[in-house]
Amino acid sequence: MAAYDIAVLPGDGIAPEVVAEARRVLDAAGGPELRYAEHPCGAGCYLDQGDPLPESTVEACRRADAVLLGAMGLPDVRWPDGTEMRPQIDLRILLDLYAGVRPIYLHAGHHCPLKGYGAGDIDFVILRENVEGLFASMNGGVRLREETAVDTMVITRTGSERISRYAFGLALQRRAERLEGRRGERSAQVTLVDKANVFRSMAFFRQVFDEVAAGFDVDAGHAYVDAMALYLVRQPQSWDVMVTENMYGDILSDLGAGLVGGLGMAPSGDIGEEAAVFQPSHGTAPDIAGQGIANPVAAILSAAMMLRWLGDRHDDEEARSAAARIDAAVAEVLSEEGTGTPDIGGAMTTAELGKAVARAVET
Ligand code: ATP
């Protein structure tokens, strides 16, 4: 039986609360042995040790088979220039986690603010280029004489090629899951979301995407990011995999999460060639921290993504089937009207919802 070393970075605010539920469900899933080791990071760690992402934590992430992360940063703990600490973004750069995979899946009609959508009707993935784009300027922008400030959009051929390739691979994988009946019917497609009508950087991204698309038997299209914001609200059922520049992906991910019940429902994986970090799409939600009402579903689904990634990487069917059991347990629990934490219309606590999913996974 395979065993994996998992670096756990609980972080700040609600993050330790939801990570605890993710671990509860992983333990209940009965998959491969997971050897957890917790490591300090985040705003609390900065206050304790003067560094929000100690080198020892980064090294532990490099050595681990996968990383399970909560969320980091607190609004009152900032760098002298006024920016918040974002060690999770630093980690993406340090480990070259170029593919930000953000599945958007509707589990129950009443989670959706739009009329007429039911479970499975919204099912797409936002693939966010994670290490360049506008975020490449992070900590490196220019500020001149208290008059002018500049951040730069950085698009490279290497970065555009590898994220485009990842997108087509993901579309093929989703097509295979549909053929096996594990996903609802729709055609495989990859859509590049850009602003190629205005920016040279985006026109270049589109050119490289089209070159990569020519090598795959998958429908490829483009949409401007402003139009996509409209399409996601008007016809969220129409999309399969969309690839975006870093900043556009950051913004569209929150819109996508809003379609399926909010940030507490949106998992994510930040994936590179050598490492991967799995975390809920939400932040530390200081407004509800310590109250036991945070939704653990995004963290639980992120843990399932971690198992699936480990399963694919090590060709480990046991890990893949444990991931599928967790996904099915979440779907089963959320299919009952009124089940859930307050953000999705229920009255359960974080731990009650975590335990309900853990029970469903065991049965
Ligand atoms: P970041 O920029 O770090 O992603 P953010 O400023 O966008 O964070 P979040 O911390 O994600 O903000 O919180 C945004 C809103 O969503 C808050 O009102 C918060 O309470 C809510 N929220 C976030 N995560 C959850 C969750 N797991 N359960 C319930 N509500 C949540």
# chains A, B, ... in the order shown; residues from 1 in each chain; ligands from 1

$ residues_around --residues "region 55-66 of chain A" --least-positions-apart "5" --cutoff "9 Å" --atoms "only C-alpha atoms" --output "PyMOL selection string"
chain A and resi 4-9+37+39-41+91+94-95+274-278+306+309-310

$ write_last_selection --atoms "N, CA and C atoms" --output "mmCIF file, in the first residue's frame"
data_model
loop_
_atom_site.group_PDB
_atom_site.id
_atom_site.type_symbol
_atom_site.label_atom_id
_atom_site.label_comp_id
_atom_site.auth_asym_id
_atom_site.auth_seq_id
_atom_site.Cartn_x
_atom_site.Cartn_y
_atom_site.Cartn_z
ATOM 1 N N TYR A 4 2.120 8.458 1.515
ATOM 2 C CA TYR A 4 2.563 9.761 1.027
ATOM 3 C C TYR A 4 2.818 10.710 2.192
ATOM 4 N N ASP A 5 3.870 11.539 2.046
ATOM 5 C CA ASP A 5 4.150 12.592 3.028
ATOM 6 C C ASP A 5 3.418 13.855 2.608
ATOM 7 N N ILE A 6 2.565 14.336 3.505
ATOM 8 C CA ILE A 6 1.773 15.532 3.203
ATOM 9 C C ILE A 6 2.215 16.664 4.120
ATOM 10 N N ALA A 7 2.715 17.747 3.536
ATOM 11 C CA ALA A 7 3.032 18.943 4.324
ATOM 12 C C ALA A 7 1.732 19.721 4.513
ATOM 13 N N VAL A 8 1.381 19.993 5.762
ATOM 14 C CA VAL A 8 0.143 20.723 6.057
ATOM 15 C C VAL A 8 0.510 22.121 6.534
ATOM 16 N N LEU A 9 -0.021 23.134 5.839
ATOM 17 C CA LEU A 9 0.213 24.532 6.211
ATOM 18 C C LEU A 9 -1.136 25.139 6.579
ATOM 19 N N ALA A 37 2.636 16.314 8.281
ATOM 20 C CA ALA A 37 3.537 17.101 9.143
ATOM 21 C C ALA A 37 3.134 18.559 8.983
ATOM 22 N N HIS A 39 3.494 22.649 9.293
ATOM 23 C CA HIS A 39 4.604 23.604 9.238
ATOM 24 C C HIS A 39 4.040 25.020 9.385
ATOM 25 N N PRO A 40 4.804 25.888 10.076
ATOM 26 C CA PRO A 40 4.297 27.242 10.308
ATOM 27 C C PRO A 40 4.361 28.110 9.056
ATOM 28 N N CYS A 41 3.378 28.994 8.897
ATOM 29 C CA CYS A 41 3.402 29.984 7.829
ATOM 30 C C CYS A 41 2.237 30.933 8.046
ATOM 31 N N LEU A 91 4.765 31.049 -2.520
ATOM 32 C CA LEU A 91 5.016 29.605 -2.644
ATOM 33 C C LEU A 91 4.808 29.134 -4.088
ATOM 34 N N LEU A 94 7.979 30.132 -5.848
ATOM 35 C CA LEU A 94 9.152 29.367 -5.403
ATOM 36 C C LEU A 94 9.112 27.923 -5.904
ATOM 37 N N LEU A 95 7.921 27.322 -5.949
ATOM 38 C CA LEU A 95 7.803 25.919 -6.374
ATOM 39 C C LEU A 95 7.385 25.803 -7.851
ATOM 40 N N GLU A 274 7.034 19.521 -10.401
ATOM 41 C CA GLU A 274 7.675 18.796 -9.301
ATOM 42 C C GLU A 274 6.898 18.848 -8.006
ATOM 43 N N ALA A 275 5.893 19.701 -7.907
ATOM 44 C CA ALA A 275 5.196 19.888 -6.622
ATOM 45 C C ALA A 275 3.775 20.354 -6.880
ATOM 46 N N ALA A 276 2.949 20.230 -5.850
ATOM 47 C CA ALA A 276 1.579 20.727 -5.968
ATOM 48 C C ALA A 276 1.042 21.091 -4.587
ATOM 49 N N VAL A 277 0.274 22.166 -4.562
ATOM 50 C CA VAL A 277 -0.315 22.670 -3.328
ATOM 51 C C VAL A 277 -1.829 22.724 -3.517
ATOM 52 N N PHE A 278 -2.567 22.175 -2.574
ATOM 53 C CA PHE A 278 -4.033 22.141 -2.698
ATOM 54 C C PHE A 278 -4.628 22.981 -1.587
ATOM 55 N N MET A 306 -6.180 16.657 -4.214
ATOM 56 C CA MET A 306 -4.815 16.224 -3.868
ATOM 57 C C MET A 306 -4.666 14.713 -4.054
ATOM 58 N N TRP A 309 -4.582 13.865 -7.732
ATOM 59 C CA TRP A 309 -3.287 14.236 -8.332
ATOM 60 C C TRP A 309 -2.218 13.208 -7.933
ATOM 61 N N LEU A 310 -2.216 12.820 -6.659
ATOM 62 C CA LEU A 310 -1.246 11.794 -6.218
ATOM 63 C C LEU A 310 -1.498 10.491 -6.973
#

$ residues_near_ligand --ligand "ligand 1" --cutoff "7 Å" --atoms "only C-alpha atoms and all ligand atoms" --output "PyMOL selection string"
chain A and resi 71-73+262-264+281-288+293-296+298+343

$ atom_distance --atom1 "CA of Ala29 (chain A)" --atom2 "CA of Glu362 (chain A)"
6.3 Å

$ closest_residue --among "A:Pro267, A:Gly261, A:Gly221, A:Gly13" --to "Asp240 (chain A)" --atoms "only C-alpha atoms"
A:Gly221

$ select_by_dssp --residues "region 276-358 of chain A" --states "strand (DSSP E or B)" --output "ChimeraX atom specification"
/A:276-280

$ atom_distance --atom1 "CA of His107 (chain A)" --atom2 "CA of Glu336 (chain A)"
10.3 Å

$ residues_around --residues "Ala220 (chain A)" --least-positions-apart "2" --cutoff "8 Å" --atoms "only C-alpha atoms" --output "PyMOL selection string"
chain A and resi 189-192+210+213+218+222

$ closest_residue --among "A:Leu34, A:Val225, A:Arg182, A:Glu211" --to "Val198 (chain A)" --atoms "only C-alpha atoms"
A:Val225

$ closest_residue --among "A:Gly159, A:Gly11, A:Pro103, A:Gly340" --to "Lys355 (chain A)" --atoms "only C-alpha atoms"
A:Gly340

$ select_by_dssp --residues "region 47-236 of chain A" --states "helix (DSSP H, G or I)" --output "JSON, numbers by chain"
{"A": [47, 48, 49, 55, 56, 57, 58, 59, 60, 61, 62, 63, 87, 88, 89, 90, 91, 92, 93, 94, 109, 110, 111, 134, 135, 136, 137, 157, 158, 159, 160, 161, 162, 163, 164, 165, 166, 167, 168, 169, 170, 171, 172, 173, 174, 175, 176, 177, 178, 179, 200, 201, 202, 203, 204, 205, 206, 207, 208, 209, 210, 211, 212, 213, 225, 226, 227, 228, 229, 230, 231, 232, 233, 234, 236]}

$ closest_residue --among "A:Thr363, A:Gly30, A:Gln291, A:Glu161" --to "Pro342 (chain A)" --atoms "only C-alpha atoms"
A:Gln291

$ closest_atom_pairs --of "region 119-207 of chain A" --to "region 246-251 of chain A" --cutoff "7 Å" --atoms "only C-alpha atoms" --output "tab-separated table"
residue	atom	partner	partner_atom	distance
A:Ile126	CA	A:Gly249	CA	6.8
A:Arg128	CA	A:Gly249	CA	4.8
A:Glu129	CA	A:Asn246	CA	4.8
A:Asn130	CA	A:Asn246	CA	5.4
A:Glu132	CA	A:Asn246	CA	6.6
A:Gly133	CA	A:Asn246	CA	5.3
A:Leu134	CA	A:Met247	CA	5.9
A:Phe135	CA	A:Asn246	CA	6.5

$ write_last_selection --atoms "N, CA, C and O atoms" --output "PDB file, in the first residue's frame"
ATOM      1  N   ILE A 126     -11.670  26.825 -14.292  1.00  0.00           N
ATOM      2  CA  ILE A 126     -10.845  27.980 -14.641  1.00  0.00           C
ATOM      3  C   ILE A 126      -9.397  27.583 -14.402  1.00  0.00           C
ATOM      4  O   ILE A 126      -9.042  27.145 -13.307  1.00  0.00           O
ATOM      5  N   ARG A 128      -5.903  29.012 -14.232  1.00  0.00           N
ATOM      6  CA  ARG A 128      -5.257  30.315 -14.077  1.00  0.00           C
ATOM      7  C   ARG A 128      -3.755  30.160 -14.218  1.00  0.00           C
ATOM      8  O   ARG A 128      -3.144  29.377 -13.484  1.00  0.00           O
ATOM      9  N   GLU A 129      -3.148  30.913 -15.157  1.00  0.00           N
ATOM     10  CA  GLU A 129      -1.686  30.915 -15.226  1.00  0.00           C
ATOM     11  C   GLU A 129      -1.228  31.585 -13.930  1.00  0.00           C
ATOM     12  O   GLU A 129      -1.631  32.688 -13.622  1.00  0.00           O
ATOM     13  N   ASN A 130      -0.376  30.900 -13.193  1.00  0.00           N
ATOM     14  CA  ASN A 130      -0.170  31.237 -11.786  1.00  0.00           C
ATOM     15  C   ASN A 130       1.104  31.997 -11.461  1.00  0.00           C
ATOM     16  O   ASN A 130       1.242  32.479 -10.343  1.00  0.00           O
ATOM     17  N   GLU A 132       3.057  34.190 -13.815  1.00  0.00           N
ATOM     18  CA  GLU A 132       3.485  35.394 -14.535  1.00  0.00           C
ATOM     19  C   GLU A 132       2.289  36.332 -14.704  1.00  0.00           C
ATOM     20  O   GLU A 132       1.607  36.607 -13.720  1.00  0.00           O
ATOM     21  N   GLY A 133       2.071  36.915 -15.879  1.00  0.00           N
ATOM     22  CA  GLY A 133       0.962  37.861 -16.025  1.00  0.00           C
ATOM     23  C   GLY A 133       1.172  39.094 -15.158  1.00  0.00           C
ATOM     24  O   GLY A 133       2.310  39.496 -14.884  1.00  0.00           O
ATOM     25  N   LEU A 134       0.096  39.669 -14.687  1.00  0.00           N
ATOM     26  CA  LEU A 134       0.223  40.891 -13.892  1.00  0.00           C
ATOM     27  C   LEU A 134       0.855  40.622 -12.526  1.00  0.00           C
ATOM     28  O   LEU A 134       1.493  41.494 -11.938  1.00  0.00           O
ATOM     29  N   PHE A 135       0.691  39.394 -12.023  1.00  0.00           N
ATOM     30  CA  PHE A 135       1.265  39.073 -10.718  1.00  0.00           C
ATOM     31  C   PHE A 135       2.795  38.952 -10.769  1.00  0.00           C
ATOM     32  O   PHE A 135       3.430  38.885  -9.721  1.00  0.00           O
TER      33      PHE A 135
END

$ residues_around --residues "Arg325 (chain A)" --least-positions-apart "3" --cutoff "9 Å" --atoms "only C-alpha atoms" --output "list in words"
Ala29, Ala304, Arg320, Ser321, Ala322, Ala328, Ala329, Val330, Ala360, Val361 and Glu362 of chain A

$ write_last_selection --atoms "C-alpha atoms" --output "PDB file, in the first residue's frame"
ATOM      1  CA  ALA A  29     -11.820   7.901   3.126  1.00  0.00           C
ATOM      2  CA  ALA A 304      -9.898  15.137  -2.877  1.00  0.00           C
ATOM      3  CA  ARG A 320      -7.927   7.916  -7.193  1.00  0.00           C
ATOM      4  CA  SER A 321     -10.832   5.905  -5.836  1.00  0.00           C
ATOM      5  CA  ALA A 322     -10.557   7.542  -2.375  1.00  0.00           C
ATOM      6  CA  ALA A 328     -19.454  11.456  -4.052  1.00  0.00           C
ATOM      7  CA  ALA A 329     -19.862  11.911  -0.283  1.00  0.00           C
ATOM      8  CA  VAL A 330     -19.868  15.709  -0.631  1.00  0.00           C
ATOM      9  CA  ALA A 360     -20.991   9.518   4.139  1.00  0.00           C
ATOM     10  CA  VAL A 361     -17.512   8.613   2.930  1.00  0.00           C
ATOM     11  CA  GLU A 362     -17.310   5.661   5.306  1.00  0.00           C
TER      12      GLU A 362
END

$ residues_around --residues "region 150-157 of chain A" --least-positions-apart "6" --cutoff "10 Å" --atoms "only C-alpha atoms" --output "list in words"
Glu129, Val131, Glu132, Gly133, Leu134, Phe135, Ala136, Ser137, Met138, Asn139, Gly140, Gly141, Val142, Arg143, Leu144, Phe199, Arg200, Ser201, Met202, Phe204, Phe205, Gln207, Val208, Phe209, Glu245, Asn246 and Met247 of chain A

$ closest_residue --among "A:Gly169, A:Gly292, A:Gly269, A:Pro10" --to "Gly70 (chain A)" --atoms "only C-alpha atoms"
A:Pro10

$ closest_residue --among "A:Gly31, A:Gly116, A:Pro80, A:Asp96" --to "Arg234 (chain A)" --atoms "only C-alpha atoms"
A:Gly116
